[in-house]
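Engineer: Got my_file_9.csv for you, CSV, C-alpha atoms:
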chain,number,residue,atom,x,y,z
A,1,MET,CA,0.0,0.0,0.0
A,2,ILE,CA,1.4,3.4,-0.9
A,3,SER,CA,1.9,6.0,1.9
A,4,GLU,CA,1.7,9.2,-0.1
A,5,ILE,CA,0.1,10.6,-3.2
A,6,LYS,CA,-0.1,13.8,-5.2
A,7,VAL,CA,-3.2,14.7,-7.2
A,8,PHE,CA,-4.3,17.5,-9.6
A,9,ALA,CA,-7.8,18.6,-8.5
A,10,PRO,CA,-9.3,20.8,-11.3
A,11,ALA,CA,-11.4,23.9,-11.3
A,12,SER,CA,-15.0,23.7,-12.5
A,13,VAL,CA,-18.0,25.7,-13.7
A,14,ALA,CA,-21.2,25.2,-11.8
A,15,ASN,CA,-24.8,26.2,-12.6
A,16,VAL,CA,-24.1,26.7,-16.3
A,17,SER,CA,-26.8,29.4,-16.6
A,18,CYS,CA,-30.0,27.4,-16.2
A,19,GLY,CA,-28.8,24.6,-13.9
A,20,PHE,CA,-28.5,26.2,-10.5
A,21,ASP,CA,-27.0,23.7,-8.0
A,22,VAL,CA,-27.4,20.8,-10.5
A,23,LEU,CA,-25.3,21.4,-13.6
A,24,GLY,CA,-21.5,21.6,-13.9
A,25,PHE,CA,-18.5,20.8,-16.0
A,26,CYS,CA,-14.8,20.3,-15.4
A,27,LEU,CA,-12.0,22.6,-16.5
A,28,ASP,CA,-8.6,21.4,-17.6
A,29,PRO,CA,-5.7,23.9,-17.2
A,30,ILE,CA,-6.2,25.2,-13.7
A,31,GLY,CA,-6.5,23.3,-10.4
A,32,ASP,CA,-5.1,22.7,-7.0
A,33,LEU,CA,-2.1,20.3,-6.4
A,34,ILE,CA,-2.8,18.3,-3.3
A,35,HIS,CA,-0.2,16.1,-1.6
A,36,VAL,CA,-1.4,13.7,1.1
A,37,LYS,CA,0.9,11.6,3.3
A,38,MET,CA,-0.2,8.8,5.5
A,39,THR,CA,1.4,8.8,9.0
A,40,GLU,CA,1.5,6.6,12.0
A,41,LYS,CA,0.2,9.4,14.2
A,42,PRO,CA,-3.6,9.5,14.0
A,43,GLY,CA,-5.6,12.6,13.0
A,44,VAL,CA,-5.9,14.8,10.0
A,45,HIS,CA,-3.4,17.7,9.8
A,46,ILE,CA,-2.8,20.5,7.3
A,47,GLY,CA,0.8,20.7,6.2
A,48,ASN,CA,2.4,23.2,3.8
A,49,ILE,CA,0.2,25.7,2.0
A,50,LYS,CA,1.5,27.4,-1.1
A,51,GLY,CA,-0.2,29.9,-3.4
A,52,TYR,CA,-3.5,31.4,-2.2
A,53,LYS,CA,-3.9,31.4,1.6
A,54,VAL,CA,-6.4,29.0,3.2
A,55,PRO,CA,-6.8,28.1,6.9
A,56,LYS,CA,-4.3,25.7,8.5
A,57,ASN,CA,-6.7,24.9,11.3
A,58,PRO,CA,-8.0,21.5,10.3
A,59,LEU,CA,-11.5,22.5,11.6
A,60,LYS,CA,-11.6,25.4,9.2
A,61,ASN,CA,-10.0,23.9,6.1
A,62,VAL,CA,-12.4,22.3,3.6
A,63,ALA,CA,-10.0,19.6,2.7
A,64,SER,CA,-9.5,18.3,6.3
A,65,VAL,CA,-13.1,18.6,7.1
A,66,ALA,CA,-14.0,16.5,4.1
A,67,VAL,CA,-11.4,13.9,5.0
A,68,ASN,CA,-12.6,13.7,8.6
A,69,ALA,CA,-16.1,12.9,7.2
A,70,LEU,CA,-14.6,10.1,5.2
A,71,LEU,CA,-12.7,8.7,8.2
A,72,LYS,CA,-15.9,8.5,10.3
A,73,SER,CA,-17.1,5.9,7.8
A,74,HIS,CA,-13.7,4.2,7.5
A,75,PRO,CA,-11.8,4.5,10.8
A,76,THR,CA,-8.1,3.9,10.6
A,77,LYS,CA,-5.2,3.9,13.1
A,78,ASN,CA,-3.3,6.1,10.7
A,79,GLY,CA,-3.3,9.8,10.2
A,80,PHE,CA,-2.9,12.1,7.2
A,81,ILE,CA,-1.0,15.3,6.5
A,82,ILE,CA,-2.6,17.3,3.7
A,83,SER,CA,-0.4,19.8,1.8
A,84,ILE,CA,-1.9,22.1,-0.8
A,85,GLU,CA,-0.5,24.2,-3.6
A,86,LYS,CA,-3.6,26.4,-3.9
A,87,LYS,CA,-3.8,27.6,-7.5
A,88,ILE,CA,-7.6,28.3,-7.6
A,89,LYS,CA,-8.3,31.6,-5.8
A,90,PRO,CA,-11.0,31.2,-3.1
A,91,GLY,CA,-14.1,33.2,-4.0
A,92,SER,CA,-13.3,33.2,-7.7
A,93,GLY,CA,-16.4,31.2,-8.8
A,94,ILE,CA,-14.6,28.3,-10.4
A,95,GLY,CA,-14.8,25.7,-7.6
A,96,SER,CA,-12.0,26.5,-5.3
A,97,SER,CA,-13.4,24.8,-2.3
A,98,ALA,CA,-14.7,21.9,-4.4
A,99,ALA,CA,-11.3,21.2,-5.8
A,100,SER,CA,-9.7,21.0,-2.4
A,101,SER,CA,-12.5,19.0,-0.8
A,102,ALA,CA,-12.8,16.5,-3.7
A,103,GLY,CA,-9.0,16.3,-4.2
A,104,ALA,CA,-8.3,15.5,-0.6
A,105,VAL,CA,-11.0,12.7,-0.2
A,106,PHE,CA,-9.9,11.2,-3.5
A,107,ALA,CA,-6.3,11.1,-2.4
A,108,VAL,CA,-7.1,9.6,1.0
A,109,ASN,CA,-9.3,7.1,-0.6
A,110,GLU,CA,-6.5,6.0,-2.8
A,111,LEU,CA,-4.1,5.6,0.2
A,112,LEU,CA,-6.7,3.5,2.0
A,113,GLY,CA,-7.0,1.1,-1.0
A,114,ARG,CA,-10.1,2.6,-2.6
A,115,PRO,CA,-12.8,1.6,-0.1
A,116,PHE,CA,-15.3,4.1,-1.6
A,117,LYS,CA,-16.6,4.8,-5.1
A,118,SER,CA,-17.0,8.3,-6.5
A,119,ASP,CA,-20.6,8.8,-5.4
A,120,LYS,CA,-19.7,8.2,-1.8
A,121,LEU,CA,-16.6,10.4,-2.1
A,122,LEU,CA,-18.9,13.2,-3.3
A,123,ASP,CA,-21.0,12.7,-0.1
A,124,PHE,CA,-17.9,13.3,2.1
A,125,ALA,CA,-16.6,16.2,0.0
A,126,MET,CA,-19.9,18.0,0.5
A,127,PHE,CA,-19.0,18.6,4.1
A,128,GLY,CA,-16.1,20.8,2.8
A,129,GLU,CA,-18.5,22.6,0.5
A,130,ALA,CA,-20.9,23.2,3.4
A,131,LEU,CA,-18.1,24.7,5.4
A,132,ALA,CA,-17.3,27.1,2.6
A,133,SER,CA,-20.8,28.1,1.5
A,134,GLY,CA,-23.2,27.2,4.3
A,135,GLU,CA,-25.0,24.7,2.1
A,136,TYR,CA,-24.6,21.1,0.9
A,137,HIS,CA,-24.4,21.2,-2.8
A,138,ALA,CA,-22.5,19.1,-5.5
A,139,ASP,CA,-22.6,21.0,-8.8
A,140,ASN,CA,-18.9,21.7,-8.6
A,141,LEU,CA,-17.9,18.5,-6.9
A,142,ALA,CA,-19.6,16.2,-9.4
A,143,PRO,CA,-17.6,17.2,-12.5
A,144,VAL,CA,-14.4,17.2,-10.4
A,145,LEU,CA,-15.0,13.6,-9.2
A,146,PHE,CA,-16.7,12.2,-12.3
A,147,GLY,CA,-15.1,14.4,-15.0
A,148,GLY,CA,-16.9,16.0,-18.0
A,149,PHE,CA,-20.4,17.5,-17.8
A,150,THR,CA,-22.6,16.3,-15.0
A,151,LEU,CA,-26.2,16.6,-13.7
A,152,VAL,CA,-26.9,16.3,-10.0
A,153,ARG,CA,-30.3,14.7,-9.9
A,154,SER,CA,-30.2,14.3,-6.2
A,155,ILE,CA,-27.8,14.7,-3.2
A,156,ASN,CA,-30.0,12.6,-0.9
A,157,PRO,CA,-29.4,10.0,-2.0
A,158,ILE,CA,-26.5,10.8,-4.3
A,159,ASP,CA,-27.5,10.4,-7.9
A,160,ILE,CA,-25.1,11.8,-10.5
A,161,VAL,CA,-25.8,11.7,-14.3
A,162,SER,CA,-22.8,12.0,-16.5
A,163,LEU,CA,-23.8,13.9,-19.7
A,164,PRO,CA,-22.2,13.7,-23.1
A,165,TYR,CA,-21.3,17.0,-24.8
A,166,PRO,CA,-20.2,18.3,-28.3
A,167,PRO,CA,-16.5,17.6,-28.8
A,168,GLU,CA,-15.7,21.1,-30.1
A,169,LEU,CA,-17.0,22.9,-27.0
A,170,ILE,CA,-14.3,25.3,-25.6
A,171,VAL,CA,-14.8,27.3,-22.4
A,172,THR,CA,-13.5,30.9,-21.9
A,173,ILE,CA,-13.3,32.0,-18.3
A,174,ILE,CA,-12.6,35.6,-17.2
A,175,HIS,CA,-12.0,36.2,-13.6
A,176,PRO,CA,-12.1,39.9,-12.5
A,177,LYS,CA,-9.8,40.1,-9.5
A,178,ILE,CA,-12.4,40.7,-6.8
A,179,GLU,CA,-13.5,38.2,-4.3
A,180,LEU,CA,-17.1,37.1,-4.0
A,181,LYS,CA,-17.7,34.4,-1.4
A,182,THR,CA,-20.3,31.8,-2.2
A,183,ILE,CA,-21.9,32.2,1.2
A,184,HIS,CA,-22.5,35.9,0.5
A,185,SER,CA,-23.8,35.4,-3.1
A,186,ARG,CA,-26.2,32.7,-1.9
A,187,ALA,CA,-27.5,35.1,0.8
A,188,ILE,CA,-29.0,37.5,-1.7
A,189,LEU,CA,-31.1,34.7,-3.4
A,190,LYS,CA,-34.8,34.5,-2.7
A,191,ASP,CA,-36.5,31.3,-1.4
A,192,ASP,CA,-39.6,31.9,-3.5
A,193,ILE,CA,-39.6,32.3,-7.3
A,194,PRO,CA,-42.4,33.2,-9.7
A,195,LEU,CA,-44.0,30.2,-11.4
A,196,LYS,CA,-43.7,31.7,-14.9
A,197,LYS,CA,-39.9,32.1,-14.5
A,198,ALA,CA,-39.5,28.6,-13.0
A,199,ILE,CA,-41.3,27.2,-16.1
A,200,LYS,CA,-38.9,29.0,-18.4
A,201,GLN,CA,-36.0,27.7,-16.4
A,202,TRP,CA,-37.2,24.1,-16.5
A,203,GLY,CA,-37.6,24.4,-20.3
A,204,ASN,CA,-34.1,25.7,-20.7
A,205,LEU,CA,-32.6,23.0,-18.5
A,206,GLY,CA,-34.4,20.2,-20.3
A,207,ALA,CA,-33.4,21.7,-23.7
A,208,LEU,CA,-29.8,22.1,-22.7
A,209,VAL,CA,-29.5,18.5,-21.7
A,210,SER,CA,-31.1,17.5,-25.0
A,211,ALA,CA,-28.6,19.7,-26.8
A,212,LEU,CA,-25.7,18.0,-25.1
A,213,TYR,CA,-26.9,14.6,-26.1
A,214,THR,CA,-27.6,15.5,-29.7
A,215,ASN,CA,-24.7,17.9,-30.4
A,216,ASN,CA,-27.2,20.6,-31.3
A,217,TYR,CA,-25.2,23.8,-31.0
A,218,ASN,CA,-28.2,26.0,-31.9
A,219,LEU,CA,-30.4,24.5,-29.2
A,220,LEU,CA,-27.5,24.7,-26.7
A,221,SER,CA,-27.2,28.4,-27.5
A,222,ARG,CA,-30.9,29.1,-27.0
A,223,SER,CA,-30.9,27.2,-23.7
A,224,LEU,CA,-28.1,29.0,-22.0
A,225,GLN,CA,-30.5,31.4,-20.3
A,226,ASP,CA,-30.9,32.0,-16.6
A,227,GLU,CA,-34.2,33.4,-15.5
A,228,LEU,CA,-33.7,33.0,-11.8
A,229,ILE,CA,-30.2,33.4,-10.4
A,230,GLU,CA,-28.2,35.6,-12.8
A,231,PRO,CA,-30.6,38.7,-12.5
A,232,ALA,CA,-29.9,38.7,-8.7
A,233,ARG,CA,-26.2,38.0,-8.8
A,234,SER,CA,-25.1,40.0,-11.8
A,235,ILE,CA,-25.2,43.2,-9.9
A,236,LEU,CA,-22.3,42.0,-7.8
A,237,ILE,CA,-20.0,41.6,-10.8
A,238,PRO,CA,-18.5,44.7,-12.5
A,239,LYS,CA,-19.6,45.3,-16.0
A,240,PHE,CA,-21.3,41.8,-16.2
A,241,GLU,CA,-23.8,42.6,-18.9
A,242,GLU,CA,-21.2,44.3,-21.1
A,243,VAL,CA,-18.8,41.4,-20.7
A,244,LYS,CA,-21.5,38.9,-21.5
A,245,ASN,CA,-22.7,40.7,-24.5
A,246,GLU,CA,-19.2,41.1,-26.0
A,247,ALA,CA,-18.7,37.3,-25.8
A,248,LEU,CA,-22.0,36.8,-27.6
A,249,ASN,CA,-21.2,39.4,-30.2
A,250,GLN,CA,-18.0,37.5,-31.0
A,251,GLY,CA,-20.0,34.2,-31.7
A,252,ALA,CA,-20.0,32.5,-28.3
A,253,LEU,CA,-22.9,30.1,-27.9
A,254,GLY,CA,-23.7,31.5,-24.5
A,255,SER,CA,-22.3,33.2,-21.5
A,256,GLY,CA,-23.1,33.6,-17.8
A,257,ILE,CA,-21.9,33.6,-14.2
A,258,SER,CA,-19.5,30.8,-13.3
A,259,GLY,CA,-20.8,29.4,-10.1
A,260,SER,CA,-21.5,32.2,-7.7
A,261,GLY,CA,-19.1,34.6,-9.5
A,262,PRO,CA,-17.3,36.8,-10.0
A,263,SER,CA,-15.9,34.7,-12.9
A,264,ILE,CA,-17.8,34.8,-16.1
A,265,PHE,CA,-17.9,31.8,-18.5
A,266,ALA,CA,-18.5,31.7,-22.3
A,267,LEU,CA,-19.1,28.5,-24.2
A,268,SER,CA,-18.0,28.5,-27.9
A,269,LYS,CA,-17.7,26.0,-30.8
A,270,GLY,CA,-14.0,25.8,-31.4
A,271,MET,CA,-10.9,27.5,-30.0
A,272,ALA,CA,-10.8,30.3,-32.6
A,273,THR,CA,-14.2,31.6,-31.4
A,274,ALA,CA,-13.3,31.1,-27.8
A,275,LYS,CA,-10.2,33.3,-28.2
A,276,LYS,CA,-12.2,36.0,-29.9
A,277,ALA,CA,-14.7,36.0,-27.2
A,278,GLY,CA,-12.0,36.1,-24.5
A,279,ASN,CA,-10.3,39.1,-26.2
A,280,ALA,CA,-13.5,41.0,-26.4
A,281,MET,CA,-14.4,40.2,-22.7
A,282,ALA,CA,-10.9,41.3,-21.6
A,283,LYS,CA,-11.3,44.7,-23.4
A,284,ILE,CA,-14.1,45.6,-21.0
A,285,TYR,CA,-12.0,45.2,-17.9
A,286,LYS,CA,-9.0,46.8,-19.5
A,287,SER,CA,-11.1,49.8,-20.2
A,288,ILE,CA,-11.8,50.3,-16.5
A,289,GLY,CA,-8.4,49.3,-15.2
A,290,LEU,CA,-9.7,46.1,-13.5
A,291,GLU,CA,-7.2,43.3,-13.3
A,292,TYR,CA,-8.3,39.8,-14.4
A,293,ASP,CA,-7.2,36.3,-15.1
A,294,MET,CA,-8.3,34.4,-18.3
A,295,TYR,CA,-8.4,30.7,-19.1
A,296,LEU,CA,-9.3,28.8,-22.2
A,297,SER,CA,-10.2,25.1,-21.7
A,298,PRO,CA,-11.8,22.1,-23.4
A,299,ILE,CA,-14.1,20.1,-21.2
A,300,ASN,CA,-11.9,18.0,-18.9
A,301,LYS,CA,-13.4,14.5,-19.3
A,302,VAL,CA,-11.2,12.9,-16.6
A,303,GLY,CA,-11.5,15.1,-13.5
A,304,ILE,CA,-9.0,14.5,-10.7
A,305,LYS,CA,-5.7,13.1,-11.9
A,306,ILE,CA,-3.0,11.2,-10.0
A,307,LEU,CA,0.4,12.8,-10.5
A,308,LYS,CA,3.7,10.9,-10.5
Could you express the structure from this file as structure tokens?
Structural biologist:
Amino acid sequence: MISEIKVFAPASVANVSCGFDVLGFCLDPIGDLIHVKMTEKPGVHIGNIKGYKVPKNPLKNVASVAVNALLKSHPTKNGFIISIEKKIKPGSGIGSSAASSAGAVFAVNELLGRPFKSDKLLDFAMFGEALASGEYHADNLAPVLFGGFTLVRSINPIDIVSLPYPPELIVTIIHPKIELKTIHSRAILKDDIPLKKAIKQWGNLGALVSALYTNNYNLLSRSLQDELIEPARSILIPKFEEVKNEALNQGALGSGISGSGPSIFALSKGMATAKKAGNAMAKIYKSIGLEYDMYLSPINKVGIKILK
């Protein structure tokens, strides 16, 4: 049995416009590097932290909280030291807490000889997400653990549907360098929604799933509409409407808030269009002097990867 492991835990996009808390897809070039070492001394400890700062207190770090949830179901005399090279900025809207939570439970599960399958790992990782956002949700965790494009049909019990997707889909992500914590962006959402808007949202979600199965880019484009969440959250993101419209003007299939923001995603057919959309989106932030990060990515079909 191996005693240490290093994994790449990728970023992800959740909600995908019309799929609040149920839809997500996995990104490829950006993610956390998580190193876990099994020790003879029991307990879960946080080791070295590089990159963006996260708590070293194991009661306040999403990775250790998720691993402790796993160990309650699989007691062991051993302990674990979790070291993280944090490359996904917390509060960026591309699944920072999900990457750390999922990556840590995946790594510990490997060291224990894989006693749990991905759906159970997702259950444990949600304890980390709940610490970060105040809610148990799996729309970021599912694509990280399963890879690709996923639909969360249920979290109690766990029921994840892996969705196909058109092979030429490319994601553009622009992250304006402001922090927007999930727990705050969830707080502004209303519990009650108008029935007419809910009906439109259901129609878009069903059509989007159909478009993914049939490689129907036109239907996919028409379906990437958010009637419920985006109108409330968009006011928290500088120049959101202008950035979104610039992406669409350059041929992107659709654009919206990535997770709880402030990152904005655009889906395009092909890399050339994705680059054009990104350049146009970037011009908006350049014009107001707001720093940003930008990523271009295919859909990551694998999810978490073990590194040698």
Engineer: Rank nothing, just name the residue among A:Ile81, A:Leu141, A:Val13, A:Leu228 nearest to Leu195 in chain A, using all atoms listed in the file.
Structural biologist: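 Result for the nearest residue to Leu195 in chain A: A:Leu228.
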Engineer: Pick out the residues sitting within 9 Å of Pro143 in chain A, and hand them over as an MDAnalysis selection string; count all atoms listed in the file, and ignore anything fewer than 5 positions along from it in its own chain.
Structural biologist: chainID A and resid 12:14 23:27 138 148:151 162 300:303
Engineer: Would you pick out the contacts of Ser3 in chain A at 8 Å or less, using all atoms listed in the file, so that residues sharing its chain but fewer than 3 positions from it are not included, and give the list as a PyMOL selection string?
Structural biologist: chain A and resi 37-39+111
Engineer: For each of A:Ala266, A:Val171, A:Ile30, A:Ile237, take the minimum atom-to-atom distance to Ser297 in chain A, counting only C-alpha atoms, then give the residue where this is smallest.
Structural biologist: A:Val171
Engineer: Could you list as an MDAnalysis selection string every residue that has an atom within 6 Å of (-16.2, 41.5, -13.9), using the file's coordinates and counting only C-alpha atoms?
Structural biologist: chainID A and resid 176 237:240
Engineer: Can I get a file of range 54-69 of chain A from the given structure, N, CA, C and O atoms kept, as a compact mmCIF listing (two decimals), in the first residue's frame?
Structural biologist:
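selection-v6.txt, written as the output of this step:
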# COMPACT_ATOMS: atom_id res chain seq x y z
N VAL A 54 -5.19 29.62 2.62
CA VAL A 54 -6.37 28.96 3.18
C VAL A 54 -6.04 28.59 4.62
O VAL A 54 -4.87 28.53 4.99
N PRO A 55 -7.04 28.36 5.46
CA PRO A 55 -6.78 28.09 6.88
C PRO A 55 -5.93 26.83 7.10
O PRO A 55 -6.13 25.81 6.42
N LYS A 56 -5.03 26.89 8.07
CA LYS A 56 -4.25 25.71 8.46
C LYS A 56 -4.92 24.96 9.61
O LYS A 56 -4.54 23.84 9.91
N ASN A 57 -5.90 25.60 10.23
CA ASN A 57 -6.67 24.93 11.27
C ASN A 57 -7.52 23.84 10.61
O ASN A 57 -8.37 24.14 9.76
N PRO A 58 -7.31 22.56 10.97
CA PRO A 58 -8.05 21.47 10.30
C PRO A 58 -9.56 21.53 10.48
O PRO A 58 -10.30 20.90 9.73
N LEU A 59 -10.01 22.30 11.45
CA LEU A 59 -11.46 22.45 11.65
C LEU A 59 -12.05 23.51 10.72
O LEU A 59 -13.27 23.58 10.57
N LYS A 60 -11.17 24.31 10.08
CA LYS A 60 -11.64 25.38 9.22
C LYS A 60 -11.19 25.24 7.77
O LYS A 60 -11.48 26.09 6.94
N ASN A 61 -10.46 24.17 7.48
CA ASN A 61 -9.99 23.92 6.12
C ASN A 61 -10.92 22.90 5.46
O ASN A 61 -11.19 21.83 6.03
N VAL A 62 -11.43 23.21 4.28
CA VAL A 62 -12.42 22.34 3.64
C VAL A 62 -11.86 20.95 3.34
O VAL A 62 -12.59 19.95 3.39
N ALA A 63 -10.57 20.86 3.03
CA ALA A 63 -9.97 19.57 2.70
C ALA A 63 -9.96 18.63 3.90
O ALA A 63 -10.37 17.46 3.81
N SER A 64 -9.52 19.13 5.05
CA SER A 64 -9.46 18.29 6.25
C SER A 64 -10.85 17.97 6.79
O SER A 64 -11.10 16.86 7.28
N VAL A 65 -11.77 18.92 6.67
CA VAL A 65 -13.15 18.65 7.10
C VAL A 65 -13.76 17.52 6.27
O VAL A 65 -14.43 16.62 6.79
N ALA A 66 -13.53 17.55 4.95
CA ALA A 66 -14.05 16.49 4.08
C ALA A 66 -13.40 15.15 4.40
O ALA A 66 -14.09 14.11 4.45
N VAL A 67 -12.10 15.14 4.63
CA VAL A 67 -11.40 13.89 4.96
C VAL A 67 -11.88 13.33 6.29
O VAL A 67 -12.06 12.10 6.44
N ASN A 68 -12.10 14.17 7.27
CA ASN A 68 -12.62 13.69 8.55
C ASN A 68 -13.99 13.05 8.39
O ASN A 68 -14.31 12.07 9.09
N ALA A 69 -14.81 13.57 7.47
CA ALA A 69 -16.11 12.94 7.19
C ALA A 69 -15.91 11.53 6.63
O ALA A 69 -16.63 10.59 6.98
